[in-house]
Amino acid sequence: MENSVWQDDVLVIGGGTAGFGAAVAAGRLGLDVCLIEATGKVGGVMAFCPGMPWGAAFPDDRIIGGILEELAGRLFAMVPPAAEKRPCALENFGPEILYDHDLATLVMFEMLEEAGVRVHLHTMALAPHMEGRRVAAVDLCDRHGVRRIAARMVIDCSGDGDIAARAGVPYTLGDEAGRLMGVTLSFHMLGADWARVFAGGDPYFTRHAARGIAQGRLHPDLAQLYLMKGFHRDTVFCNSVVIRDVDGTDAAAVAAATQEGRRRCRQLAGFLRSDVPGFEAARMAFLGPSVGVRETRKLEGMYRVTGADLAAATKFEDGIVCCDNPIDDVMRGAAMTHAAMVGQGEYYTIPFRSLVPRGIGNLMFAGRLICADPVAFASVRGMPQCMAMGQAVGTAAALALRRGVAVQDVDRGVLVAALQEQGVRGLGGVPL
Ligand SMILES: Cc1cc2nc3c(=O)[nH]c(=O)nc-3n(C[C@H](O)[C@H](O)[C@H](O)COP(=O)(O)OP(=O)(O)OC[C@H]3O[C@@H](n4cnc5c(N)ncnc54)[C@H](O)[C@@H]3O)c2cc1C
């Protein structure tokens with residue numbers, strides 16, 4: 001077993017949308033950044049569910065800005081365009097961005113390269129080494145064995161927060177009853193006739209779903225078949241096969257849910273071909289390599305965002321990104337809900353303090369492990385917001401290291417001003 005030591009300014013754990021945002025932001029500010037990702041690709045849920053739209057990018061129909069805007073802009077500008085803004089077919093959701101998955105992944109890797117980020121794929125963070133109130137180093141594992149990385153700042157964007165939890169950050173799992181949102185295996189249908197598939201106008205295809213369930217041909221949890229136009233013409237993206245009660249921190253449970261998901265996706269694809277007009281000649285493709293996990297740990301931060309905060313359209317003084325997503329609570333209970341979080345034309349911001357632990361001076365977190373109550377979490381978790389949370393903590397890392405202060409003592413006014421300079425919109429009392 002090799003046990004070499006690397007040194008970096010910033011270690012970002014997890015290459016999902018949050019980790020991508022954190023690494024690019026910190027690298028652009030001149031820091032030596034190492035991003036480690038357990039799988040072979042950046043994207044996180046975006047990679048597990050290829051083609052998943054970037055939702056909530058346009059609160060009140062205006063883009064949130066920052067790294068998300070830049071990434072989307074590069075894709076919009078390609079010939080032919082590799083992304084498109086489209087209205088969402090579901091109630092209370094604003095417009096979203098559909099994109100070519102492979103080109104989006106390519107551009108994300110390019111942005112990491114340009115920012116000088118050292119990307120280590122197939123590398124898993126295992127355990128922190130603490131020195132008082134600091135994470136002094138983190139042990140990682142890749143095919144060469146276990147190595148140690150000593151970073152001045154650690155940013156946990158792993159979705160599940162293994163390292164932050166092991167460093168002693170308290171956390172909760174799921175809602176008050178410990179129920180977690182369902183996990184989903186997604187796929188596409190290629191060669192579907194859009195005009196006929198979407199002629200009915202019901203995004204959930206409930207009539208067909210009810211028939212399939214009554215005849216025992218579809219799983220009872222498929223009462224709402226959410227089918228949407230994929231980015232490429234005559235492709236249909238299916239984000240419907242939800243498996244309940246899966247602990248996303250348990251690798252064996254995730255593997256079992258993925259295999260069960262494959263069976264249900266195959267069954268659904270067959271049903272669409274035989275029963276839903278427009279799918280007769282279509283075939284299943286781009287089945288996710290693993291279920292996408294919506295919810296595991298929520299870490300305890302300096303501030304816990306609540307549903308009441310967000311419903312009041314609160315614009316926090318240390319708000320780092322705008323959002324107006326509804327409460328998208330996928331099967332913690334009986335069914336999905338999409339109740340509006342804020343009124344028409346309103347939005348809230350997510351505070352920086354919900355990404356900062358109380359007790360550790362050189363650790364932050366971003367993305368779906370944000371400190372939020374179950375209602376707030378069901379709204380804040382969109383990929384654009386996760387990317388912006390990452391951008392905020394990556395920027396805060398530079399501020400903390402430059403001034404030699406703990407993350408709790410970062411000047412939040414200076415942080416907000418820095419994010420505004422980076423093009424993040426709707427912060428610091430300035431309307432979106
Ligand atoms: C099925 C599903 C549908 C969704 N639909 C939408 C939608 O339509 N629009 C939208 O905007 N959002 C949607 N979301 C929400 C959104 O995708 C997630 O909230 C967001 O992607 C979370 O990003 P993240 O970077 O925080 O975490 P993740 O995307 O989970 O990324 C975490 C990364 O960390 C890596 N990792 C974990 N542990 C370690 C470790 N110890 N060491 C190294 N790497 C590690 C993982 O491999 C992963 O790549 C959906 C989520 C799911 C699951």
# chains A, B, ... in the order shown; residues from 1 in each chain; ligands from 1

$ closest_atom_pairs --of "region 103-184 of chain A" --to "region 14-26 of chain A" --cutoff "9 Å" --atoms "only C-alpha atoms" --output "JSON lines"
{"residue": "A:Met108", "atom": "CA", "partner": "A:Phe20", "partner_atom": "CA", "distance": 7.6}
{"residue": "A:Phe109", "atom": "CA", "partner": "A:Phe20", "partner_atom": "CA", "distance": 8.9}
{"residue": "A:Met111", "atom": "CA", "partner": "A:Val24", "partner_atom": "CA", "distance": 6.8}
{"residue": "A:Leu112", "atom": "CA", "partner": "A:Val24", "partner_atom": "CA", "distance": 5.6}
{"residue": "A:Glu113", "atom": "CA", "partner": "A:Val24", "partner_atom": "CA", "distance": 8.7}
{"residue": "A:Glu114", "atom": "CA", "partner": "A:Val24", "partner_atom": "CA", "distance": 8.4}
{"residue": "A:Ala115", "atom": "CA", "partner": "A:Val24", "partner_atom": "CA", "distance": 5.6}
{"residue": "A:Gly116", "atom": "CA", "partner": "A:Val24", "partner_atom": "CA", "distance": 8.2}
{"residue": "A:Val117", "atom": "CA", "partner": "A:Ala23", "partner_atom": "CA", "distance": 6.6}
{"residue": "A:Val119", "atom": "CA", "partner": "A:Gly15", "partner_atom": "CA", "distance": 8.8}
{"residue": "A:Leu121", "atom": "CA", "partner": "A:Gly15", "partner_atom": "CA", "distance": 8.7}
{"residue": "A:Met124", "atom": "CA", "partner": "A:Gly14", "partner_atom": "CA", "distance": 8.6}
{"residue": "A:Ala125", "atom": "CA", "partner": "A:Gly14", "partner_atom": "CA", "distance": 8.7}
{"residue": "A:Ile155", "atom": "CA", "partner": "A:Ala22", "partner_atom": "CA", "distance": 7.8}
{"residue": "A:Asp156", "atom": "CA", "partner": "A:Gly14", "partner_atom": "CA", "distance": 7.0}
{"residue": "A:Cys157", "atom": "CA", "partner": "A:Gly14", "partner_atom": "CA", "distance": 5.0}
{"residue": "A:Ser158", "atom": "CA", "partner": "A:Gly14", "partner_atom": "CA", "distance": 4.3}
{"residue": "A:Gly159", "atom": "CA", "partner": "A:Gly14", "partner_atom": "CA", "distance": 7.5}

$ write_last_selection --atoms "N, CA and C atoms" --output "PDB file, in the first residue's frame"
ATOM      1  N   MET A 108     -17.596  21.045 -19.316  1.00  0.00           N
ATOM      2  CA  MET A 108     -17.288  21.099 -17.877  1.00  0.00           C
ATOM      3  C   MET A 108     -15.830  20.711 -17.622  1.00  0.00           C
ATOM      4  N   PHE A 109     -15.360  19.654 -18.281  1.00  0.00           N
ATOM      5  CA  PHE A 109     -13.941  19.280 -18.124  1.00  0.00           C
ATOM      6  C   PHE A 109     -13.044  20.399 -18.649  1.00  0.00           C
ATOM      7  N   MET A 111     -13.672  23.619 -18.675  1.00  0.00           N
ATOM      8  CA  MET A 111     -13.663  24.731 -17.711  1.00  0.00           C
ATOM      9  C   MET A 111     -12.775  24.397 -16.505  1.00  0.00           C
ATOM     10  N   LEU A 112     -12.782  23.132 -16.101  1.00  0.00           N
ATOM     11  CA  LEU A 112     -11.896  22.716 -15.000  1.00  0.00           C
ATOM     12  C   LEU A 112     -10.434  22.835 -15.423  1.00  0.00           C
ATOM     13  N   GLU A 113     -10.137  22.408 -16.656  1.00  0.00           N
ATOM     14  CA  GLU A 113      -8.752  22.524 -17.166  1.00  0.00           C
ATOM     15  C   GLU A 113      -8.325  23.988 -17.187  1.00  0.00           C
ATOM     16  N   GLU A 114      -9.179  24.834 -17.747  1.00  0.00           N
ATOM     17  CA  GLU A 114      -8.842  26.260 -17.876  1.00  0.00           C
ATOM     18  C   GLU A 114      -8.601  26.898 -16.509  1.00  0.00           C
ATOM     19  N   ALA A 115      -9.309  26.409 -15.500  1.00  0.00           N
ATOM     20  CA  ALA A 115      -9.143  26.969 -14.142  1.00  0.00           C
ATOM     21  C   ALA A 115      -7.935  26.355 -13.441  1.00  0.00           C
ATOM     22  N   GLY A 116      -7.243  25.432 -14.117  1.00  0.00           N
ATOM     23  CA  GLY A 116      -6.030  24.834 -13.539  1.00  0.00           C
ATOM     24  C   GLY A 116      -6.313  23.798 -12.461  1.00  0.00           C
ATOM     25  N   VAL A 117      -7.517  23.242 -12.463  1.00  0.00           N
ATOM     26  CA  VAL A 117      -7.892  22.278 -11.419  1.00  0.00           C
ATOM     27  C   VAL A 117      -7.282  20.910 -11.760  1.00  0.00           C
ATOM     28  N   VAL A 119      -7.791  17.231 -11.644  1.00  0.00           N
ATOM     29  CA  VAL A 119      -8.970  16.373 -11.470  1.00  0.00           C
ATOM     30  C   VAL A 119      -8.514  14.928 -11.307  1.00  0.00           C
ATOM     31  N   LEU A 121     -10.068  11.321 -11.079  1.00  0.00           N
ATOM     32  CA  LEU A 121     -11.269  10.481 -11.171  1.00  0.00           C
ATOM     33  C   LEU A 121     -10.988   9.129 -10.516  1.00  0.00           C
ATOM     34  N   MET A 124     -11.557   7.996  -4.248  1.00  0.00           N
ATOM     35  CA  MET A 124     -12.582   8.093  -3.195  1.00  0.00           C
ATOM     36  C   MET A 124     -11.973   8.677  -1.928  1.00  0.00           C
ATOM     37  N   ALA A 125     -12.598   9.693  -1.382  1.00  0.00           N
ATOM     38  CA  ALA A 125     -12.166  10.216  -0.076  1.00  0.00           C
ATOM     39  C   ALA A 125     -12.632   9.246   0.998  1.00  0.00           C
ATOM     40  N   ILE A 155     -13.490  21.180   0.904  1.00  0.00           N
ATOM     41  CA  ILE A 155     -14.875  21.481   0.534  1.00  0.00           C
ATOM     42  C   ILE A 155     -15.568  20.158   0.206  1.00  0.00           C
ATOM     43  N   ASP A 156     -16.560  19.814   1.004  1.00  0.00           N
ATOM     44  CA  ASP A 156     -17.261  18.542   0.809  1.00  0.00           C
ATOM     45  C   ASP A 156     -18.461  18.773  -0.102  1.00  0.00           C
ATOM     46  N   CYS A 157     -18.355  18.275  -1.329  1.00  0.00           N
ATOM     47  CA  CYS A 157     -19.455  18.380  -2.304  1.00  0.00           C
ATOM     48  C   CYS A 157     -19.870  16.979  -2.722  1.00  0.00           C
ATOM     49  N   SER A 158     -19.791  16.042  -1.791  1.00  0.00           N
ATOM     50  CA  SER A 158     -19.996  14.641  -2.140  1.00  0.00           C
ATOM     51  C   SER A 158     -21.464  14.245  -2.127  1.00  0.00           C
ATOM     52  N   GLY A 159     -22.355  15.165  -1.875  1.00  0.00           N
ATOM     53  CA  GLY A 159     -23.772  14.812  -1.815  1.00  0.00           C
ATOM     54  C   GLY A 159     -24.120  14.100  -0.525  1.00  0.00           C
TER      55      GLY A 159
END

$ residues_around --residues "Lys229 (chain A)" --least-positions-apart "5" --cutoff "10 Å" --atoms "only C-alpha atoms" --output "list in words"
Arg86, Cys88, Ala89, Leu98, His188, Met189, Ala192, Trp194, Val197, Phe198, Pro203, Asp234, Thr235, Val236, Phe237 and Cys238 of chain A

$ write_last_selection --atoms "N, CA and C atoms" --output "PDB file, in the first residue's frame"
ATOM      1  N   ARG A  86     -36.109  25.905 -22.292  1.00  0.00           N
ATOM      2  CA  ARG A  86     -37.472  25.483 -22.649  1.00  0.00           C
ATOM      3  C   ARG A  86     -38.384  25.628 -21.436  1.00  0.00           C
ATOM      4  N   CYS A  88     -40.869  24.290 -18.671  1.00  0.00           N
ATOM      5  CA  CYS A  88     -41.063  22.972 -18.066  1.00  0.00           C
ATOM      6  C   CYS A  88     -42.540  22.617 -18.181  1.00  0.00           C
ATOM      7  N   ALA A  89     -42.825  21.357 -18.439  1.00  0.00           N
ATOM      8  CA  ALA A  89     -44.224  20.941 -18.626  1.00  0.00           C
ATOM      9  C   ALA A  89     -44.957  20.797 -17.291  1.00  0.00           C
ATOM     10  N   LEU A  98     -32.261  22.359 -21.370  1.00  0.00           N
ATOM     11  CA  LEU A  98     -31.973  21.032 -21.923  1.00  0.00           C
ATOM     12  C   LEU A  98     -30.653  21.142 -22.681  1.00  0.00           C
ATOM     13  N   HIS A 188     -33.808   7.153 -21.895  1.00  0.00           N
ATOM     14  CA  HIS A 188     -34.430   7.851 -23.026  1.00  0.00           C
ATOM     15  C   HIS A 188     -35.152   6.835 -23.907  1.00  0.00           C
ATOM     16  N   MET A 189     -36.137   7.302 -24.639  1.00  0.00           N
ATOM     17  CA  MET A 189     -36.663   6.556 -25.775  1.00  0.00           C
ATOM     18  C   MET A 189     -36.198   7.309 -27.019  1.00  0.00           C
ATOM     19  N   ALA A 192     -38.954   8.380 -31.056  1.00  0.00           N
ATOM     20  CA  ALA A 192     -40.373   8.568 -30.723  1.00  0.00           C
ATOM     21  C   ALA A 192     -40.918   9.714 -31.590  1.00  0.00           C
ATOM     22  N   TRP A 194     -42.613  12.828 -31.609  1.00  0.00           N
ATOM     23  CA  TRP A 194     -43.024  13.840 -30.625  1.00  0.00           C
ATOM     24  C   TRP A 194     -44.472  14.294 -30.838  1.00  0.00           C
ATOM     25  N   VAL A 197     -46.713  11.567 -29.506  1.00  0.00           N
ATOM     26  CA  VAL A 197     -46.496  11.263 -28.076  1.00  0.00           C
ATOM     27  C   VAL A 197     -47.091  12.355 -27.199  1.00  0.00           C
ATOM     28  N   PHE A 198     -46.848  13.609 -27.573  1.00  0.00           N
ATOM     29  CA  PHE A 198     -47.240  14.709 -26.681  1.00  0.00           C
ATOM     30  C   PHE A 198     -48.570  15.347 -27.072  1.00  0.00           C
ATOM     31  N   PRO A 203     -48.410  15.772 -19.008  1.00  0.00           N
ATOM     32  CA  PRO A 203     -47.006  15.370 -18.868  1.00  0.00           C
ATOM     33  C   PRO A 203     -46.839  14.062 -18.099  1.00  0.00           C
ATOM     34  N   ASP A 234     -37.170  14.060 -31.312  1.00  0.00           N
ATOM     35  CA  ASP A 234     -37.766  12.723 -31.264  1.00  0.00           C
ATOM     36  C   ASP A 234     -37.114  11.788 -30.236  1.00  0.00           C
ATOM     37  N   THR A 235     -36.469  12.406 -29.246  1.00  0.00           N
ATOM     38  CA  THR A 235     -36.043  11.629 -28.075  1.00  0.00           C
ATOM     39  C   THR A 235     -36.942  12.032 -26.909  1.00  0.00           C
ATOM     40  N   VAL A 236     -37.231  11.073 -26.054  1.00  0.00           N
ATOM     41  CA  VAL A 236     -38.081  11.338 -24.886  1.00  0.00           C
ATOM     42  C   VAL A 236     -37.318  10.905 -23.644  1.00  0.00           C
ATOM     43  N   PHE A 237     -37.236  11.815 -22.682  1.00  0.00           N
ATOM     44  CA  PHE A 237     -36.514  11.547 -21.435  1.00  0.00           C
ATOM     45  C   PHE A 237     -37.510  11.071 -20.388  1.00  0.00           C
ATOM     46  N   CYS A 238     -37.176   9.988 -19.739  1.00  0.00           N
ATOM     47  CA  CYS A 238     -38.103   9.396 -18.771  1.00  0.00           C
ATOM     48  C   CYS A 238     -37.472   9.424 -17.387  1.00  0.00           C
TER      49      CYS A 238
END

$ residues_around --residues "Ile360 (chain A)" --least-positions-apart "5" --cutoff "8 Å" --atoms "only C-alpha atoms" --output "number ranges by chain"
A: 133-135

$ residues_around --residues "Gly301 (chain A)" --least-positions-apart "4" --cutoff "7 Å" --atoms "only C-alpha atoms" --output "list in words"
Arg353, Ser354, Leu355, Val356, Pro357, Arg358 and Cys371 of chain A

$ atom_distance --atom1 "CA of Arg143 (chain A)" --atom2 "CA of Leu106 (chain A)"
24.2 Å

$ select_by_dssp --residues "region 180-345 of chain A" --states "alpha helix (DSSP H)" --output "CSV table (one decimal) with C-alpha atoms, in the first residue's frame"
chain,number,residue,atom,x,y,z
A,194,TRP,CA,-43.0,13.8,-30.6
A,195,ALA,CA,-46.1,15.1,-32.4
A,196,ARG,CA,-48.1,12.0,-31.4
A,197,VAL,CA,-46.5,11.3,-28.1
A,206,THR,CA,-51.9,9.3,-16.2
A,207,ARG,CA,-54.6,7.5,-18.2
A,208,HIS,CA,-52.0,5.2,-19.8
A,209,ALA,CA,-50.3,4.7,-16.4
A,210,ALA,CA,-53.5,3.8,-14.7
A,211,ARG,CA,-54.2,1.1,-17.3
A,212,GLY,CA,-50.7,-0.3,-17.1
A,213,ILE,CA,-50.9,-0.6,-13.3
A,214,ALA,CA,-54.4,-2.0,-13.3
A,251,ALA,CA,-23.5,0.9,-1.7
A,252,ALA,CA,-25.2,-2.4,-1.7
A,253,ALA,CA,-28.7,-0.8,-1.4
A,254,VAL,CA,-27.8,1.5,-4.3
A,255,ALA,CA,-26.7,-1.5,-6.4
A,256,ALA,CA,-29.9,-3.4,-5.6
A,257,ALA,CA,-32.1,-0.4,-6.4
A,258,THR,CA,-30.3,0.1,-9.7
A,259,GLN,CA,-30.9,-3.5,-10.8
A,260,GLU,CA,-34.5,-3.2,-9.7
A,261,GLY,CA,-34.7,0.1,-11.7
A,262,ARG,CA,-33.3,-1.6,-14.8
A,263,ARG,CA,-36.2,-4.2,-14.6
A,264,ARG,CA,-38.8,-1.5,-14.2
A,265,CYS,CA,-37.3,0.7,-17.0
A,266,ARG,CA,-37.3,-2.2,-19.4
A,267,GLN,CA,-40.9,-3.0,-18.5
A,268,LEU,CA,-41.9,0.7,-18.9
A,269,ALA,CA,-40.2,0.9,-22.3
A,270,GLY,CA,-42.0,-2.1,-23.5
A,271,PHE,CA,-45.3,-0.7,-22.3
A,272,LEU,CA,-44.7,2.6,-24.0
A,273,ARG,CA,-44.0,0.9,-27.3
A,274,SER,CA,-47.1,-1.3,-27.1
A,275,ASP,CA,-49.6,1.1,-25.5
A,307,GLY,CA,-39.4,26.2,4.4
A,308,ALA,CA,-40.9,29.3,6.2
A,309,ASP,CA,-37.8,31.4,5.2
A,310,LEU,CA,-38.2,30.5,1.6
A,311,ALA,CA,-42.0,30.8,1.5

$ residues_around --residues "Phe231 (chain A)" --least-positions-apart "4" --cutoff "12 Å" --atoms "only C-alpha atoms" --output "ChimeraX atom specification"
/A:50-54,81-86,96-104,188-190,194,235-237

$ closest_residue --among "A:Leu11, A:Leu31, A:Ile163, A:Val305" --to "ligand 1" --atoms "only C-alpha atoms and all ligand atoms"
A:Ile163

$ residues_around --residues "Ala127 (chain A)" --least-positions-apart "3" --cutoff "12 Å" --atoms "only C-alpha atoms" --output "MDAnalysis selection string"
chainID A and resid 13 124 130 135:141 146:149 156 161:168

$ select_by_dssp --residues "region 159-331 of chain A" --states "strand (DSSP E)" --output "VMD selection string"
chain A and resid 171 to 173 183 to 190 227 to 229 235 to 243 283 to 285 297 to 299 319 to 323 327 to 330

$ atom_distance --atom1 "CA of Phe58 (chain A)" --atom2 "CA of Pro80 (chain A)"
22.7 Å
